[in-house]
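Q: I am sharing my_file_18.cif, which consists of mmCIF, C-alpha atoms:
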```
data_input
#
loop_
_atom_site.label_atom_id
_atom_site.label_comp_id
_atom_site.auth_asym_id
_atom_site.auth_seq_id
_atom_site.Cartn_x
_atom_site.Cartn_y
_atom_site.Cartn_z
CA LEU N 19 -182.86 165.10 205.91
CA ALA N 20 -183.44 161.42 205.24
CA PRO N 21 -180.31 159.35 204.60
CA ALA N 22 -179.58 158.57 201.07
CA THR N 23 -180.50 155.11 199.94
CA GLY N 24 -179.21 153.09 197.12
CA PRO N 25 -176.46 150.68 196.29
CA ALA N 26 -173.62 153.16 196.94
CA GLY N 27 -174.03 154.04 200.55
CA GLY N 28 -177.14 152.51 202.02
CA TYR N 29 -177.10 151.09 205.45
CA GLY N 30 -177.02 147.34 205.67
CA GLU N 31 -175.35 146.83 202.34
CA PRO N 32 -171.81 145.47 202.15
CA PRO N 33 -169.29 147.91 200.76
CA HIS N 34 -166.87 147.25 197.93
CA GLY N 35 -169.21 145.80 195.47
CA GLY N 36 -170.95 143.40 197.79
CA ARG N 37 -167.86 141.54 199.06
CA PRO N 38 -167.75 141.00 202.79
CA ALA N 39 -165.34 143.20 204.70
CA SER N 40 -161.99 141.79 205.65
CA SER N 41 -161.82 140.17 209.10
CA GLY N 42 -158.36 141.68 209.69
CA ARG N 43 -156.50 138.39 209.25
CA PRO N 44 -153.75 138.32 206.64
CA PRO N 45 -154.39 136.21 203.62
CA SER N 46 -153.25 132.64 203.86
CA SER N 47 -150.05 131.87 202.00
CA GLY N 48 -150.76 128.14 201.86
CA ARG N 49 -147.95 127.27 204.31
CA PRO N 50 -148.76 125.74 207.68
CA ARG N 51 -148.53 128.04 210.62
CA GLY N 52 -145.47 127.77 212.79
CA GLY N 53 -143.18 126.62 209.97
CA GLY N 54 -140.26 128.44 211.50
CA SER N 55 -140.73 126.66 214.84
CA ASN N 56 -140.68 123.27 213.05
CA ARG N 57 -137.25 124.03 211.65
CA GLY N 58 -136.03 124.94 215.12
CA GLY N 59 -137.41 121.69 216.53
CA GLY N 60 -135.50 119.70 213.91
CA THR N 61 -132.27 121.40 214.93
CA LYS N 62 -132.95 120.58 218.58
CA ARG N 63 -133.61 116.96 217.76
CA THR N 64 -130.35 116.75 215.78
CA THR N 65 -128.43 118.30 218.66
CA THR N 66 -129.99 115.86 221.11
CA LEU N 67 -129.12 112.90 218.88
CA VAL N 68 -125.48 114.03 218.55
CA ALA N 69 -125.24 114.52 222.30
CA GLY N 70 -126.62 111.02 222.87
CA VAL N 71 -124.09 109.46 220.49
CA VAL N 72 -121.24 111.34 222.18
CA GLY N 73 -122.47 110.12 225.56
CA VAL N 74 -122.50 106.50 224.40
CA LEU N 75 -118.97 106.86 223.03
CA VAL N 76 -117.79 108.31 226.34
CA VAL N 77 -119.30 105.36 228.25
CA ILE N 78 -117.66 102.85 225.89
CA ALA N 79 -114.30 104.59 226.19
CA GLY N 80 -114.60 104.58 229.99
CA ALA N 81 -115.41 100.88 230.08
CA PHE N 82 -112.45 100.12 227.78
CA PHE N 83 -110.15 102.11 230.06
CA LEU N 84 -111.35 100.30 233.17
CA LEU N 85 -110.94 96.87 231.60
CA ASN N 86 -107.49 97.52 230.17
CA ASP N 87 -105.96 99.88 232.72
CA GLY N 88 -107.90 99.60 235.93
CA GLY N 89 -107.94 95.81 235.75
CA GLY N 90 -104.21 95.81 235.22
CA LYS N 91 -103.66 97.99 238.28
CA LYS N 92 -105.82 95.68 240.36
CA ASP N 93 -103.54 92.78 239.46
CA GLU N 94 -100.28 94.70 239.91
CA GLY N 95 -97.82 92.85 242.08
CA THR N 96 -99.47 89.50 241.46
CA LYS N 97 -97.07 87.13 239.78
CA PRO N 98 -98.73 84.80 237.28
CA SER N 99 -98.21 81.13 237.99
CA PRO N 100 -95.78 79.60 235.54
CA SER N 101 -97.43 77.35 233.00
CA PRO N 102 -95.91 73.97 232.31
CA THR N 103 -93.79 73.88 229.20
CA VAL N 104 -92.27 71.15 227.12
CA SER N 105 -88.81 72.44 228.00
CA SER N 106 -89.35 71.32 231.64
CA GLU N 107 -89.09 67.70 230.49
CA PRO N 108 -85.57 66.27 230.17
CA LYS N 109 -84.19 65.97 226.69
CA LEU N 110 -83.64 62.28 226.03
CA PRO N 111 -80.89 60.81 223.84
CA PRO N 112 -81.86 59.15 220.56
CA GLY N 113 -83.47 55.78 221.15
CA VAL N 114 -84.52 56.49 224.73
CA LYS N 115 -88.31 56.47 224.97
CA CYS N 116 -89.09 57.25 228.63
CA SER N 117 -87.87 58.92 231.79
CA GLY N 118 -88.84 58.66 235.46
CA ASP N 119 -92.43 57.66 236.19
CA ALA N 120 -93.09 57.11 232.49
CA CYS N 121 -90.68 54.15 232.65
CA THR N 122 -92.43 52.34 235.52
CA GLY N 123 -93.72 48.98 234.35
CA LYS N 124 -91.90 49.21 231.00
CA ASP N 125 -89.28 46.84 229.54
CA PRO N 126 -85.84 48.52 229.87
CA GLU N 127 -84.57 47.05 226.61
CA VAL N 128 -87.64 48.04 224.60
CA MET N 129 -87.54 51.60 226.02
CA GLY N 130 -83.83 52.02 225.22
CA CYS N 131 -82.67 52.20 228.83
CA GLY N 132 -80.23 49.26 228.62
CA GLY N 133 -76.94 48.83 226.82
CA ASP N 134 -74.39 51.56 227.45
CA LEU N 135 -76.86 53.58 229.56
CA VAL N 136 -77.09 51.04 232.39
CA THR N 137 -74.91 50.47 235.45
CA THR N 138 -74.98 47.74 238.11
CA GLY N 139 -75.90 48.72 241.64
CA ALA N 140 -76.05 46.40 244.64
CA THR N 141 -75.65 42.65 244.12
CA ALA N 142 -76.33 39.51 246.16
CA VAL N 143 -75.83 35.78 245.82
CA VAL N 144 -78.89 33.63 246.46
CA GLY N 145 -78.14 29.92 246.40
CA THR N 146 -76.49 29.29 243.06
CA ALA N 147 -77.95 32.43 241.46
CA ALA N 148 -76.81 36.04 241.43
CA VAL N 149 -79.25 38.93 241.70
CA GLU N 150 -78.44 42.58 241.01
CA VAL N 151 -79.94 46.06 240.74
CA ARG N 152 -79.67 47.54 237.25
CA TYR N 153 -79.93 51.33 237.01
CA SER N 154 -80.18 53.84 234.16
CA LYS N 155 -79.52 57.45 235.14
CA VAL N 156 -80.76 58.73 231.79
CA CYS N 157 -84.09 56.97 232.24
CA GLY N 158 -84.27 57.62 235.99
CA ALA N 159 -85.30 54.01 236.57
CA ALA N 160 -84.03 50.71 237.96
CA TRP N 161 -84.85 47.03 237.51
CA ALA N 162 -83.64 43.69 238.86
CA ARG N 163 -81.81 40.92 237.03
CA VAL N 164 -81.03 37.37 238.05
CA THR N 165 -78.31 35.30 236.39
CA GLN N 166 -77.03 31.72 236.82
CA ALA N 167 -80.64 30.87 237.52
CA ALA N 168 -82.86 27.94 236.58
CA GLN N 169 -86.39 27.54 235.32
CA GLY N 170 -88.89 28.62 237.99
CA ASP N 171 -86.53 31.05 239.72
CA GLU N 172 -88.11 34.46 240.33
CA VAL N 173 -86.58 37.92 240.55
CA GLN N 174 -88.21 41.13 241.79
CA VAL N 175 -87.41 44.82 242.27
CA ASN N 176 -89.03 47.48 244.40
CA ALA N 177 -88.35 51.08 245.41
CA GLY N 178 -89.24 51.54 249.05
CA GLY N 179 -91.94 48.89 248.77
CA ALA N 180 -93.70 50.74 245.92
CA ASN N 181 -94.20 49.74 242.29
CA GLU N 182 -92.87 46.23 242.74
CA GLN N 183 -92.03 44.42 239.50
CA ARG N 184 -91.45 40.65 239.09
CA ALA N 185 -90.12 38.25 236.46
CA THR N 186 -89.68 34.48 236.31
CA VAL N 187 -87.25 32.29 234.44
CA GLY N 188 -89.87 30.43 232.45
CA THR N 189 -88.04 29.02 229.45
CA PRO N 190 -86.32 25.65 229.84
CA GLY N 191 -82.57 26.05 229.63
CA ALA N 192 -82.68 29.82 230.31
CA THR N 193 -80.38 31.06 233.06
CA ALA N 194 -81.35 34.76 233.32
CA ALA N 195 -84.36 37.00 233.67
CA TYR N 196 -84.99 40.68 234.38
CA THR N 197 -87.95 42.69 235.62
CA ALA N 198 -89.71 45.74 234.28
CA MET N 199 -88.55 49.13 235.57
CA VAL N 200 -89.47 51.27 238.57
CA ALA N 201 -88.80 55.01 238.73
CA VAL N 202 -85.99 55.94 241.17
CA ASP N 203 -83.62 58.85 241.75
CA SER N 204 -80.60 56.58 242.20
CA ALA N 205 -79.62 52.91 242.23
CA ALA N 206 -79.55 53.02 246.04
CA ASP N 207 -83.32 53.60 246.06
CA ALA N 208 -84.00 50.15 244.57
CA THR N 209 -83.78 46.66 246.07
CA ALA N 210 -83.50 43.44 244.07
CA CYS N 211 -84.55 40.06 245.44
CA ALA N 212 -84.55 36.50 244.15
CA THR N 213 -86.72 33.57 245.12
CA LEU N 214 -85.41 30.28 243.73
CA ALA N 215 -87.61 27.39 242.76
CA SER N 216 -86.03 25.51 245.65
CA GLY N 217 -87.46 28.09 248.05
CA THR N 218 -84.20 29.92 248.79
CA GLN N 219 -84.64 33.70 249.05
CA GLY N 220 -82.29 36.64 249.23
CA CYS N 221 -82.08 40.40 248.51
CA THR N 222 -79.51 43.07 247.87
CA LYS N 223 -78.71 45.47 250.68
#
```
What would the structure in this file look like if it were written as structure tokens?
A:
Amino acid sequence: LAPATGPAGGYGEPPHGGRPASSGRPPSSGRPRGGGSNRGGGTKRTTTLVAGVVGVLVVIAGAFFLLNDGGGKKDEGTKPSPSPTVSSEPKLPPGVKCSGDACTGKDPEVMGCGGDLVTTGATAVVGTAAVEVRYSKVCGAAWARVTQAAQGDEVQVNAGGANEQRATVGTPGATAAYTAMVAVDSAADATACATLASGTQGCTK
């Protein structure tokens, strides 16, 4: 028998009213393939970011520990050098303006080292004049003074040959003169000398 022909079952005709047969693939839902895997990738990226932040925090904490603890251990047993303080300077009485080296070259009366704060050390007679060492313990300084002198007479003080200070009787009719100060530990550290206008010289011992 010859096969039936016609629109219902003929060979070469597409079934189902002329629509092509399904290829076996499910209909597209409109969503991109692999959507589930994208969500998983986002989770992995978040986890990686959190882990990175934690790692950075750990590194910072370690560095802080080393700087504040490890550095301290490295310096254990090392005594810091004492820093100079104002308290190391002697406390001066009212009116006294210098002490020690700060008095060298300064006028004892102007700096408040004279008056009741001064004592007389060694003395000597040179011609008709008298020369003496003047010493202020508070100021830690000494100077020389000549009395019964005449115009042109000179007086000087030195401490072991250092910081020599001189003064001259320069005013007509004046009979005394004194030098600026030199820093000393005691009156015995200073020597006073006089050189008269006549050429006569002499020093304390």
Q: Could you tell me which residues the PyMOL selection byres ((chain N and resi 172-181) around 9) grabs in this file, written as a PyMOL selection string?
A: chain N and resi 122-123+149+151+160-164+167+169-171+182-187+195-202+207-215
Q: Given the choices N:Ser204, N:Leu110, N:Cys131, N:Thr141, which gets closest to N:Lys223 if the distance is worked out from only C-alpha atoms?
A: N:Thr141
Q: Would you please work out which residue, of N:Ser154, N:Ser216, N:Thr222, N:Thr193, is nearest to N:Ala140 when using all atoms listed in the file?
A: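 Ranking N:Ser154, N:Ser216, N:Thr222, N:Thr193 by distance to N:Ala140, first place goes to N:Thr222.
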Q: Mind giving me the straight-line distance from atom CA of N:Glu150 to atom CA of N:Val114 in Å, one decimal?
A: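 Taking atom CA of N:Glu150 as the start and atom CA of N:Val114 as the end point, the length is 22.3 Å.
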Q: When the PyMOL selection byres ((chain N and resi 134) around 12) is applied to the structure above, which residues does it catch, written out as a short mmCIF file (atom, residue, chain, number, x, y, z; two decimals) with C-alpha atoms, keeping the file's coordinate frame?
A:
```cif
data_model
loop_
_atom_site.label_atom_id
_atom_site.label_comp_id
_atom_site.auth_asym_id
_atom_site.auth_seq_id
_atom_site.Cartn_x
_atom_site.Cartn_y
_atom_site.Cartn_z
CA PRO N 111 -80.89 60.81 223.84
CA GLY N 113 -83.47 55.78 221.15
CA VAL N 114 -84.52 56.49 224.73
CA GLU N 127 -84.57 47.05 226.61
CA GLY N 130 -83.83 52.02 225.22
CA CYS N 131 -82.67 52.20 228.83
CA GLY N 132 -80.23 49.26 228.62
CA GLY N 133 -76.94 48.83 226.82
CA LEU N 135 -76.86 53.58 229.56
CA VAL N 136 -77.09 51.04 232.39
CA THR N 137 -74.91 50.47 235.45
CA THR N 138 -74.98 47.74 238.11
CA ARG N 152 -79.67 47.54 237.25
CA TYR N 153 -79.93 51.33 237.01
CA SER N 154 -80.18 53.84 234.16
CA LYS N 155 -79.52 57.45 235.14
CA VAL N 156 -80.76 58.73 231.79
#
```
Q: Just give me the gap between atom CA of N:Met129 and atom CA of N:Cys157 in Å, one decimal is fine.
A: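 Between atom CA of N:Met129 and atom CA of N:Cys157 the gap works out to 8.9 Å.
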Q: Between atom CA of N:Lys115 and atom CA of N:Gly188, what distance in Å does the model show, to one decimal?
A: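 Interatomic distance here is 27.1 Å.
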Q: Might I get the box with edges along x, y and z of the file that holds all atoms of stretch 172-178 of chain N listed there, padded by 5 Å on every side, given as centre and edge lengths in Å to one decimal, as JSON?
A:
```
{"center_x": -87.9, "center_y": 43.0, "center_z": 244.7, "size_x": 12.7, "size_y": 27.1, "size_z": 18.7}
```
Q: Under the rule that only C-alpha atoms are counted, which of N:Pro112, N:Pro126, N:Gly139, N:Gly145 is the nearest residue to N:Thr218?
A: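 For N:Thr218, the nearest of the given residues is N:Gly145.
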Q: Would you mind telling me which residue in N:Ala194, N:Ala120, N:Leu75, N:Gln166 lies nearest to N:Thr146 when using only C-alpha atoms?
A: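 Going through N:Ala194, N:Ala120, N:Leu75, N:Gln166 one by one, the smallest distance to N:Thr146 is for N:Gln166.
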